[in-house]
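Undergrad: File follows, entry_38.cif with mmCIF, C-alpha atoms (C1' of nucleotides):
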data_data
#
loop_
_atom_site.label_atom_id
_atom_site.label_comp_id
_atom_site.auth_asym_id
_atom_site.auth_seq_id
_atom_site.Cartn_x
_atom_site.Cartn_y
_atom_site.Cartn_z
CA MET A 1 97.13 33.69 54.03
CA LEU A 2 98.23 37.03 52.83
CA GLU A 3 97.59 35.81 49.31
CA LEU A 4 98.49 39.31 48.18
CA GLY A 5 95.49 40.49 46.29
CA SER A 6 92.42 38.54 45.45
CA PRO A 7 89.77 41.08 46.33
CA ASN A 8 87.72 40.28 43.29
CA ASN A 9 88.74 37.22 41.39
CA LYS A 10 85.31 36.36 40.19
CA ASP A 11 85.12 36.31 36.44
CA GLN A 12 82.60 39.06 36.60
CA ILE A 13 83.69 41.80 34.24
CA PRO A 14 83.69 45.06 36.17
CA ALA A 15 81.78 48.00 34.78
CA ARG A 16 83.44 50.61 32.63
CA MET A 17 83.13 54.09 34.05
CA SER A 18 80.55 54.85 31.38
CA ASP A 19 78.43 51.95 32.64
CA MET A 20 77.65 53.75 35.89
CA ALA A 21 73.90 53.95 35.84
CA THR A 22 71.30 55.42 38.11
CA ILE A 23 68.45 53.01 38.60
CA ASN A 24 65.12 54.31 39.84
CA SER A 25 62.79 51.37 39.52
CA ASP A 26 62.64 47.60 39.44
CA GLN A 27 61.85 47.82 35.74
CA GLU A 28 65.04 49.70 35.00
CA LEU A 29 67.07 47.27 37.05
CA THR A 30 65.44 44.30 35.33
CA ALA A 31 66.25 45.74 31.92
CA LEU A 32 69.84 46.45 32.89
CA LEU A 33 70.46 43.01 34.36
CA HIS A 34 69.07 41.40 31.21
CA GLU A 35 71.22 43.61 29.00
CA ARG A 36 74.31 42.50 30.85
CA GLY A 37 73.39 38.84 30.70
CA GLN A 38 72.53 38.59 34.39
CA ARG A 39 69.56 36.79 35.87
CA VAL A 40 66.78 38.74 37.49
CA THR A 41 65.90 37.33 40.89
CA PRO A 42 63.63 38.62 43.65
CA GLN A 43 66.66 38.96 45.95
CA ARG A 44 68.45 41.21 43.49
CA LEU A 45 65.42 43.40 43.01
CA VAL A 46 64.73 43.74 46.71
CA ILE A 47 68.35 44.41 47.64
CA HIS A 48 68.64 47.20 45.10
CA ARG A 49 65.27 48.58 46.15
CA VAL A 50 66.41 48.75 49.76
CA LEU A 51 69.48 50.75 48.76
CA ARG A 52 67.38 53.11 46.66
CA GLN A 53 64.84 53.70 49.37
CA ARG A 54 67.20 54.46 52.24
CA ASP A 55 69.03 57.70 52.10
CA ARG A 56 72.07 56.74 54.12
CA HIS A 57 74.94 54.41 53.43
CA LEU A 58 74.14 50.89 54.54
CA THR A 59 76.31 48.01 55.70
CA ALA A 60 75.71 44.55 54.30
CA GLU A 61 74.15 43.60 57.60
CA GLU A 62 71.76 46.55 57.52
CA VAL A 63 70.80 45.63 53.98
CA HIS A 64 70.22 42.07 55.12
CA GLU A 65 67.94 43.19 57.94
CA ALA A 66 65.91 45.39 55.64
CA VAL A 67 65.68 42.73 52.95
CA LYS A 68 64.46 40.09 55.39
CA HIS A 69 61.43 42.24 55.98
CA ASP A 70 60.32 41.54 52.40
CA LEU A 71 62.07 38.25 51.74
CA PRO A 72 62.60 36.56 55.11
CA SER A 73 64.63 33.61 53.87
CA THR A 74 67.38 35.72 52.29
CA SER A 75 70.81 34.54 53.38
CA THR A 76 73.97 36.41 54.27
CA PRO A 77 76.03 35.01 51.37
CA THR A 78 73.35 36.08 48.92
CA VAL A 79 73.40 39.61 50.28
CA TYR A 80 77.18 39.80 49.91
CA ALA A 81 77.17 38.20 46.46
CA THR A 82 74.45 40.51 45.22
CA LEU A 83 76.07 43.65 46.59
CA ASP A 84 79.31 42.58 44.89
CA LEU A 85 77.50 41.92 41.63
CA LEU A 86 75.68 45.24 41.64
CA ALA A 87 78.89 47.08 42.51
CA ASP A 88 80.79 45.29 39.72
CA LEU A 89 78.04 46.23 37.28
CA GLY A 90 78.32 49.85 38.40
CA LEU A 91 74.74 49.94 39.69
CA ILE A 92 75.73 50.71 43.27
CA ARG A 93 78.92 51.95 44.92
CA ARG A 94 80.86 50.24 47.62
CA VAL A 95 82.39 52.72 50.08
CA ASP A 96 85.46 51.60 52.00
CA ALA A 97 85.83 54.22 54.64
CA GLY A 98 88.38 52.91 57.06
CA PRO A 99 87.87 50.19 59.67
CA GLY A 100 84.55 48.49 60.13
CA PRO A 101 82.17 47.06 57.58
CA ALA A 102 82.02 48.28 53.99
CA LEU A 103 79.12 50.56 53.10
CA TYR A 104 76.91 50.44 50.03
CA ASP A 105 75.29 53.34 48.28
CA ALA A 106 72.75 53.51 45.46
CA ARG A 107 74.00 56.96 44.47
CA THR A 108 76.31 56.25 41.57
CA GLU A 109 76.86 59.82 40.44
CA PRO A 110 80.28 61.14 41.51
CA HIS A 111 80.40 62.35 45.07
CA HIS A 112 82.79 62.11 47.97
CA HIS A 113 82.66 61.13 51.63
CA THR A 114 83.70 62.39 55.03
CA ILE A 115 84.34 59.93 57.81
CA CYS A 116 84.72 60.88 61.45
CA ARG A 117 87.75 59.28 63.10
CA ARG A 118 86.04 59.20 66.44
CA CYS A 119 82.46 58.12 65.82
CA GLY A 120 82.81 56.59 62.35
CA GLN A 121 79.95 58.59 60.87
CA VAL A 122 80.02 58.79 57.08
CA GLU A 123 78.49 61.72 55.17
CA ASP A 124 78.36 62.81 51.54
CA LEU A 125 80.24 65.72 50.02
CA ASN A 126 78.95 66.85 46.66
CA THR A 127 81.66 69.34 45.78
CA PRO A 128 83.07 68.61 42.33
CA VAL A 129 86.82 67.99 42.08
CA ASP A 130 88.88 67.96 38.91
CA PHE A 131 90.56 64.59 38.62
CA SER A 132 91.60 64.83 34.97
CA ALA A 133 95.30 65.04 35.84
CA LEU A 134 94.96 62.02 38.11
CA TYR A 135 93.18 59.98 35.47
CA GLY A 136 95.83 61.03 32.97
CA ALA A 137 98.63 59.94 35.28
CA ALA A 138 96.94 56.60 35.93
CA ARG A 139 96.47 55.94 32.20
CA THR A 140 100.06 56.93 31.48
CA ALA A 141 101.08 54.23 33.94
CA GLY A 142 99.03 51.70 31.94
CA PHE A 143 96.28 51.66 34.53
CA ASP A 144 92.68 51.57 33.32
CA PRO A 145 90.69 53.63 35.83
CA MET A 146 87.09 52.67 36.55
CA GLN A 147 86.18 54.65 39.63
CA ILE A 148 87.67 57.17 41.98
CA ASP A 149 86.93 57.30 45.68
CA VAL A 150 87.76 60.20 47.93
CA VAL A 151 87.49 59.96 51.68
CA VAL A 152 88.06 63.02 53.84
CA SER A 153 88.81 61.82 57.36
CA GLY A 154 88.76 64.02 60.42
CA LEU A 155 86.35 65.00 63.14
CA CYS A 156 82.65 65.52 62.55
CA ALA A 157 80.91 68.56 64.00
CA ASN A 158 79.71 66.69 67.11
CA CYS A 159 82.98 65.01 67.95
CA SER A 160 84.90 68.18 67.24
CA ALA A 161 82.74 70.05 69.77
CA GLU A 162 83.01 67.33 72.43
CA ARG A 163 86.77 67.45 72.23
CA THR A 164 86.64 71.08 73.52
CA MET B 1 77.07 44.14 66.67
CA LEU B 2 76.85 46.82 64.15
CA GLU B 3 77.64 49.30 66.89
CA LEU B 4 77.56 51.97 64.22
CA GLY B 5 80.93 53.59 64.37
CA SER B 6 83.67 52.86 66.78
CA PRO B 7 86.64 52.68 64.47
CA ASN B 8 88.82 54.66 66.79
CA ASN B 9 87.46 55.18 70.25
CA LYS B 10 90.81 55.26 71.96
CA ASP B 11 91.41 58.53 73.68
CA GLN B 12 94.38 59.11 71.49
CA ILE B 13 94.16 62.58 70.04
CA PRO B 14 94.51 62.30 66.28
CA ALA B 15 97.10 64.43 64.54
CA ARG B 16 96.22 67.78 63.01
CA MET B 17 97.01 67.96 59.33
CA SER B 18 99.96 70.16 60.16
CA ASP B 19 101.37 67.43 62.39
CA MET B 20 102.09 65.18 59.43
CA ALA B 21 105.79 64.60 59.72
CA THR B 22 108.34 62.73 57.70
CA ILE B 23 110.60 60.74 59.95
CA ASN B 24 113.95 59.58 58.63
CA SER B 25 115.69 58.15 61.65
CA ASP B 26 115.13 56.57 65.04
CA GLN B 27 116.37 59.80 66.61
CA GLU B 28 113.71 61.87 64.91
CA LEU B 29 111.02 59.39 65.89
CA THR B 30 112.25 59.33 69.48
CA ALA B 31 112.12 63.12 69.66
CA LEU B 32 108.65 63.25 68.16
CA LEU B 33 107.24 60.59 70.46
CA HIS B 34 108.63 62.43 73.46
CA GLU B 35 107.21 65.73 72.24
CA ARG B 36 103.77 64.20 72.05
CA GLY B 37 103.99 62.59 75.45
CA GLN B 38 104.35 59.06 74.12
CA ARG B 39 106.74 56.43 75.38
CA VAL B 40 109.63 55.30 73.26
CA THR B 41 109.83 51.52 73.08
CA PRO B 42 112.00 49.23 70.97
CA GLN B 43 108.86 47.89 69.26
CA ARG B 44 107.79 51.36 68.17
CA LEU B 45 111.23 52.17 66.82
CA VAL B 46 111.54 48.90 64.92
CA ILE B 47 108.03 49.04 63.48
CA HIS B 48 108.56 52.53 62.14
CA ARG B 49 112.00 51.56 60.84
CA VAL B 50 110.51 48.65 58.91
CA LEU B 51 108.02 50.96 57.24
CA ARG B 52 110.75 53.45 56.34
CA GLN B 53 113.04 50.83 54.91
CA ARG B 54 110.57 49.03 52.66
CA ASP B 55 109.40 50.88 49.64
CA ARG B 56 106.03 49.25 49.19
CA HIS B 57 102.86 49.41 51.23
CA LEU B 58 102.86 46.78 53.93
CA THR B 59 100.06 44.94 55.68
CA ALA B 60 100.13 44.57 59.47
CA GLU B 61 101.11 40.95 58.98
CA GLU B 62 104.02 41.85 56.70
CA VAL B 63 105.18 44.41 59.24
CA HIS B 64 104.95 41.77 61.94
CA GLU B 65 107.06 39.32 59.94
CA ALA B 66 109.71 41.93 59.29
CA VAL B 67 109.74 43.14 62.88
CA LYS B 68 110.15 39.62 64.26
CA HIS B 69 113.45 39.45 62.45
CA ASP B 70 114.81 42.12 64.82
CA LEU B 71 112.55 41.62 67.80
CA PRO B 72 111.33 38.01 67.73
CA SER B 73 108.93 38.22 70.66
CA THR B 74 106.84 41.04 69.19
CA SER B 75 103.15 40.21 69.30
CA THR B 76 100.32 40.80 66.84
CA PRO B 77 98.36 43.14 69.15
CA THR B 78 101.45 45.27 69.66
CA VAL B 79 101.92 45.60 65.91
CA TYR B 80 98.31 46.71 65.45
CA ALA B 81 98.39 49.06 68.44
CA THR B 82 101.63 50.64 67.28
CA LEU B 83 100.48 51.08 63.69
CA ASP B 84 97.31 52.73 65.02
CA LEU B 85 99.31 54.99 67.29
CA LEU B 86 101.73 56.06 64.57
CA ALA B 87 98.85 56.69 62.18
CA ASP B 88 96.97 58.73 64.78
CA LEU B 89 100.11 60.78 65.38
CA GLY B 90 100.40 61.40 61.65
CA LEU B 91 103.75 59.63 61.43
CA ILE B 92 102.54 56.97 59.00
CA ARG B 93 99.47 56.65 56.78
CA ARG B 94 96.95 53.87 56.81
CA VAL B 95 95.66 53.05 53.34
CA ASP B 96 92.22 51.44 53.11
CA ALA B 97 92.06 50.28 49.55
CA GLY B 98 89.04 48.06 49.33
CA PRO B 99 88.74 44.51 50.59
CA GLY B 100 91.62 42.75 52.25
CA PRO B 101 93.97 43.93 54.94
CA ALA B 102 94.75 47.62 55.53
CA LEU B 103 98.10 48.84 54.27
CA TYR B 104 100.57 51.09 56.04
CA ASP B 105 102.90 53.58 54.46
CA ALA B 106 105.73 55.67 55.89
CA ARG B 107 105.27 58.27 53.13
CA THR B 108 103.21 60.95 54.81
CA GLU B 109 103.47 63.56 52.08
CA PRO B 110 100.27 63.81 50.05
CA HIS B 111 99.97 61.20 47.34
CA HIS B 112 97.27 58.96 45.95
CA HIS B 113 96.79 55.29 45.18
CA THR B 114 95.63 53.03 42.41
CA ILE B 115 94.21 49.62 43.25
CA CYS B 116 93.58 46.90 40.70
CA ARG B 117 90.16 45.32 41.02
CA ARG B 118 91.40 42.00 39.78
CA CYS B 119 94.78 41.42 41.43
CA GLY B 120 94.54 43.91 44.31
CA GLN B 121 97.89 45.53 43.56
CA VAL B 122 98.30 48.99 45.08
CA GLU B 123 100.56 51.64 43.53
CA ASP B 124 101.30 55.30 44.22
CA LEU B 125 100.19 58.24 42.13
CA ASN B 126 102.07 61.45 42.80
CA THR B 127 99.99 63.81 40.69
CA PRO B 128 98.87 66.80 42.74
CA VAL B 129 95.13 67.46 42.97
CA ASP B 130 93.48 70.63 44.20
CA PHE B 131 91.24 69.78 47.12
CA SER B 132 90.68 73.29 48.43
CA ALA B 133 87.00 73.29 47.42
CA LEU B 134 86.54 69.93 49.10
CA TYR B 135 88.19 71.08 52.31
CA GLY B 136 86.07 74.21 52.20
CA ALA B 137 82.87 72.23 51.79
CA ALA B 138 83.83 69.91 54.63
CA ARG B 139 84.58 72.82 56.97
CA THR B 140 81.36 74.55 56.00
CA ALA B 141 79.57 71.41 57.14
CA GLY B 142 81.32 71.71 60.51
CA PHE B 143 83.69 68.89 59.71
CA ASP B 144 87.32 69.26 60.78
CA PRO B 145 89.36 67.56 58.04
CA MET B 146 92.62 65.86 58.96
CA GLN B 147 93.52 63.80 55.93
CA ILE B 148 92.26 63.08 52.47
CA ASP B 149 92.59 59.71 50.76
CA VAL B 150 92.06 59.13 47.08
CA VAL B 151 91.85 55.65 45.62
CA VAL B 152 91.60 55.15 41.89
CA SER B 153 90.25 51.67 41.26
CA GLY B 154 90.35 49.89 37.94
CA LEU B 155 92.57 47.44 36.11
CA CYS B 156 96.35 47.52 36.34
CA ALA B 157 98.44 47.20 33.19
CA ASN B 158 98.90 43.44 33.57
CA CYS B 159 95.29 42.59 34.32
CA SER B 160 94.11 44.94 31.60
CA ALA B 161 96.26 43.09 29.07
CA GLU B 162 95.16 39.64 30.22
CA ARG B 163 91.54 40.58 29.79
CA THR B 164 92.20 41.05 26.01
"C1'" DC C 1 107.43 53.20 91.65
"C1'" DT C 2 103.58 53.70 88.65
"C1'" DG C 3 100.94 53.71 84.66
"C1'" DG C 4 101.20 52.81 80.11
"C1'" DA C 5 103.19 49.10 76.80
"C1'" DT C 6 103.69 44.41 75.86
"C1'" DG C 7 102.73 39.28 75.13
"C1'" DC C 8 99.66 35.53 75.09
"C1'" DA C 9 95.47 33.31 74.14
"C1'" DA C 10 91.10 33.73 73.01
"C1'" DA C 11 87.27 36.14 71.19
"C1'" DC C 12 85.08 38.84 67.81
"C1'" DT C 13 83.56 40.97 63.42
"C1'" DC C 14 83.04 40.78 58.76
"C1'" DT C 15 83.10 38.05 54.72
"C1'" DT C 16 83.70 33.88 51.96
"C1'" DT C 17 83.42 28.81 50.82
"C1'" DG C 18 81.41 24.17 49.94
"C1'" DC C 19 77.75 21.82 48.77
"C1'" DA C 20 72.93 20.58 47.90
"C1'" DT C 21 68.58 22.54 46.25
"C1'" DG C 22 65.87 25.70 43.55
"C1'" DC C 23 64.52 28.69 39.94
"C1'" DA C 24 65.39 31.95 35.76
"C1'" DT C 25 66.15 31.39 31.18
"C1'" DA D 1 66.79 21.07 30.72
"C1'" DT D 2 70.76 23.65 32.06
"C1'" DG D 3 73.40 25.95 34.98
"C1'" DC D 4 73.57 30.06 37.68
"C1'" DA D 5 71.51 31.82 42.15
"C1'" DT D 6 70.27 30.66 46.61
"C1'" DG D 7 70.34 28.91 51.54
"C1'" DC D 8 72.64 26.68 55.17
"C1'" DA D 9 76.42 25.75 57.99
"C1'" DA D 10 80.88 26.21 58.69
"C1'" DA D 11 85.32 28.12 57.96
"C1'" DG D 12 88.35 31.89 57.08
"C1'" DA D 13 90.82 36.44 57.30
"C1'" DG D 14 91.82 40.39 59.80
"C1'" DT D 15 91.66 42.68 64.04
"C1'" DT D 16 90.62 43.41 68.95
"C1'" DT D 17 90.09 42.27 73.99
"C1'" DG D 18 91.26 40.70 78.75
"C1'" DC D 19 94.50 40.08 81.75
"C1'" DA D 20 99.05 39.37 83.81
"C1'" DT D 21 103.76 40.96 83.40
"C1'" DC D 22 107.16 44.30 82.16
"C1'" DC D 23 109.65 48.42 81.54
"C1'" DA D 24 110.02 53.66 80.28
"C1'" DG D 25 109.73 57.79 82.63
#
For this file, produce the structure as structure tokens.

TA:
Amino acid sequence: MLELGSPNNKDQIPARMSDMATINSDQELTALLHERGQRVTPQRLVIHRVLRQRDRHLTAEEVHEAVKHDLPSTSTPTVYATLDLLADLGLIRRVDAGPGPALYDARTEPHHHTICRRCGQVEDLNTPVDFSALYGAARTAGFDPMQIDVVVSGLCANCSAERT
Amino acid sequence: MLELGSPNNKDQIPARMSDMATINSDQELTALLHERGQRVTPQRLVIHRVLRQRDRHLTAEEVHEAVKHDLPSTSTPTVYATLDLLADLGLIRRVDAGPGPALYDARTEPHHHTICRRCGQVEDLNTPVDFSALYGAARTAGFDPMQIDVVVSGLCANCSAERT
DNA sequence: CTGGATGCAAACTCTTTGCATGCAT
DNA sequence: ATGCATGCAAAGAGTTTGCATCCAG
């Protein structure tokens, strides 16, 4: 326990920042998986399709529910493994926004998130932010940055109003 | 299950951004807890002291271990409840950096974090970033921002080297 | 004294593992 | 044919809950 740090010790090579790709069809996904030496399975296609078709951020469990509609035998470990794979390949983003389950998002273009501390609601923020100094500082420290995640936490409009 | 969003449904009123305070002694913490109508207990003092005295980010379990040295009977739920309380009061920061346990940090002044995707190591980045546009966008959406967390994920110097 | 804080044990949520089978290449 | 992906069941990590006792105000 407390094995400090083994969040991703698969031998999967994570995506470079430049690998971030927006996928809009099963064909594109198929091509990309092949390019990266990954197998194309019905589960992978359906899971990515679910994320493309929904416009909100989904938990692994929500993905699982939706996927079972098309592919009823799909298992929980497959959903997690596939979400991990797609995130490592840069084809989806994993959003860690505080307590509770991780969220997954097919929008790979840079954007940020707000999370409400009371109700947990997560929303997108599309405002661009200049991170060049931050990337520079990371690289100076020998760190090879792949992705940057910004979470603005606070109170959403509803919860803010309820609080008087 | 999947009760979408109840990360913090205590009636604790979260800190305003301006409430962020750097505490350097038990006296200061005592005064601040009193000011905010909170009780001062030995557990709360020791838990905050542990976070002040260590220079890295600590998990709840690491805090618990350290606290037991001074206050052997301290329980796990108390550690979690106290870390939550201190974070809600703006006296410590909770850092959610991907999978694995949450980290807690006595440094409340704005700073950012890098997390290595392979080994999970978390480090500080002190480079300032201009978030005014982001805050503006959040407020325009009716969101009341309290804190902003930036996580740069990628490969740390060691893991980057090992990968060839 | 009185309500919030604590300790204990157990439950709960989210995610991963081990192993046998199946299917993409 | 080969070996990675899948499904199943079970275990694991991290955190929370319920309830009785305790102590700060």

Undergrad: Counting only C-alpha atoms (C1' of nucleotides), which residues of chain A come no farther than 12 Å from chain D, as a count of residues only?

TA: 27

Undergrad: Show me, as CSV, the residues of chain C having an atom within 12 Å of stretch 54-65 of chain A, each with the closest atom pair and its distance in Å, using only C-alpha atoms (C1' of nucleotides).

TA:
residue,atom,partner,partner_atom,distance
C:DT13,C1',A:Glu61,CA,11.4
C:DC14,C1',A:Ala60,CA,9.4
C:DT15,C1',A:Ala60,CA,9.9

Undergrad: Within 6 Å of chain A, which residues belong to chain B? Use all atoms listed in the file and report them as a PyMOL selection string.

TA: chain B and resi 5-9+96+98-99+118-120+127+134+142-157

Undergrad: Apply the PyMOL selection byres ((chain C) within 10 of (chain B)) to the structure shown and report the selected residues as a CSV table (one decimal) with C-alpha atoms (C1' of nucleotides), keeping the file's coordinate frame.

TA:
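Okay, part_18.csv is ready:
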chain,number,residue,atom,x,y,z
C,4,DG,C1',101.2,52.8,80.1
C,5,DA,C1',103.2,49.1,76.8
C,6,DT,C1',103.7,44.4,75.9
C,7,DG,C1',102.7,39.3,75.1
C,8,DC,C1',99.7,35.5,75.1
C,12,DC,C1',85.1,38.8,67.8
C,13,DT,C1',83.6,41.0,63.4
C,15,DT,C1',83.1,38.0,54.7

Undergrad: Between A:Leu89, A:Leu83, A:Leu29, A:Ala106, which one has atoms that come closest to A:Leu45, using only C-alpha atoms?

TA: A:Leu29

Undergrad: When you draw a straight line from atom CA of B:Leu71 to atom C1' of C:DA10, how long is it in Å?

TA: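 Distance between the two atoms: 23.4 Å.
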
Undergrad: Box for stretch 3-9 of chain C - axis-aligned, 5 Å on each of the six sides, all listed atoms - centre and size in Å to one decimal, as lines of an AutoDock Vina configuration file.

TA:
center_x = 99.6
center_y = 43.5
center_z = 79.4
size_x = 18.2
size_y = 30.4
size_z = 20.5

Undergrad: Can you tell me, as a ChimeraX atom specification, what residues are no more than 9 Å from A:Asp70 when counting all atoms listed in the file, ignoring any on the same chain fewer than 3 positions away?

TA: /A:46,66-67
